[in-house]
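Inspection log for the structure reproduced underneath, given as structure tokens.
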Amino acid sequence: MNARRAVRGLSLHAVVWLIGAFVAVPLVYAVISGFKSTGELTTNPFGLPARWKIGNYTGILGDAMFWRQIANSTLIAVGTACCTVGAAAMAAFVLARYAFRGRELFYALFTIGLMFPFTVAVLPLFLMLRTFGLLDNPLGVILPQAAFGLPMTIVILRGFFRTIPAEIEEAAVMDGCGRFRFFWTILLPMARPALGTVSVLAVVASWNNFFLPLLVFTGPEWQTIPVGVQQFQGQYSTDYALVLAYVVLAMVPALAFYAVAERQLIGGLTAGATKG
């Protein structure tokens, strides 16, 4: 029995290390290759650089457009998270805490949104944004991203809100607390783990979104990091080492954010399952 457990433990560790290698090896390769010249990258693709070209990274860090794209991505990601979580929290509160005719139908409509691919809505969405004058406007990206993020956010928050005992709300009502006050001052602070989780998911989804910013922004003023990587790659298509350096620097903010928010994300996903 102990031998079987030991073999199982070693197998699990081997799988974890294998998955980690699939993630880490390409990242390390990109970081090291960013210090090479394109010629050396061709002749020595897997070795260490003979001469470390720090200028590949410092040149990009000194580019004002790179920092502008970082700022644009941050603004749009934060705006998307605020709109998504704010609207979804109010909808999930009603769908979780109050019984009314058609409640499950409304919830089913939101869950159907999980199966609705963004690419299907590209043409009508573009026409709508042009009609309302939201092209080359950050709201043209924030509002659609928030709309497409609502279904998943509502599903997560509704499940968490339903785990909060009804006795807490009854006691608050007896003390003269209205519905909105209970939602704002009692429910939201108790749901902080779930709110943190859906906020992280919204920020990451917005940061990685490429197609919508490419569709909405026609000029460089509001370009985000994913679009900037594509434009940079097209501009320096023959300098592969410089492109790899740009890709690595573009990943750093997302990796840093995820490293900070990882505990919040995991805690929020498991909090609802551990409550009575």
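Each chain in the structure tokens gets a letter, A, B, ..., in the order shown, and its residues are numbered from 1; ligands are numbered from 1 in order too.
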For the contact check between region 202-250 of chain A and region 140-151 of chain A, emit one row per residue of region 202-250 of chain A within 10 Å, containing the shortest atom pair and the distance in Å rounded to one decimal, counting only C-alpha atoms, chain then rising number order, as a tab-separated table.
```
residue	atom	partner	partner_atom	distance
A:Ala202	CA	A:Gly149	CA	6.9
A:Ala205	CA	A:Gln145	CA	8.5
A:Ser206	CA	A:Gln145	CA	7.0
A:Asn209	CA	A:Gln145	CA	8.8
A:Leu212	CA	A:Val141	CA	6.4
A:Pro213	CA	A:Val141	CA	6.3
A:Leu214	CA	A:Val141	CA	9.7
A:Leu215	CA	A:Val141	CA	9.1
A:Val216	CA	A:Gly140	CA	6.5
A:Phe217	CA	A:Gly140	CA	8.7
```
Legend entry - Interatomic distance (Å, one decimal) between CA of Val155 (chain A) and CA of Ser73 (chain A):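 Those two atoms sit 25.8 Å apart.
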Inset, instruction - Kindly indicate which residue among A:Ser37, A:Met152, A:Phe66, A:Leu139 lies nearest to Trp52 (chain A), using only C-alpha atoms for the distances. - result: A:Ser37
Legend entry - Contacts of Val247 (chain A) at 9 Å (only C-alpha atoms; same-chain gap of 5+ positions) as a list of chain:residue names: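 The contact residues come out as A:Ala30, A:Gly34, A:Val229, A:Leu242, A:Val252.
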Only C-alpha atoms, please: the residues just picked out, written as a tab-separated table (two decimals), in the first residue's frame.
```tsv
chain	number	residue	atom	x	y	z
A	30	ALA	CA	12.49	33.84	-25.13
A	34	GLY	CA	16.12	38.54	-26.43
A	229	VAL	CA	3.23	43.35	-30.15
A	242	LEU	CA	14.28	42.34	-30.86
A	252	VAL	CA	6.10	41.06	-17.53
```
Legend entry - Residue nearest Ala245 (chain A) - candidates A:Gly178, A:Gly59, A:Gly39, A:Gly113, atoms counted: only C-alpha atoms: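 The closest residue to Ala245 (chain A) is A:Gly59.
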Inset, instruction - For CA of Leu201 (chain A) and CA of Tyr57 (chain A), quote the distance in Å rounded to one decimal. - result: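 About the pair CA of Leu201 (chain A) and CA of Tyr57 (chain A): they are 28.9 Å apart.
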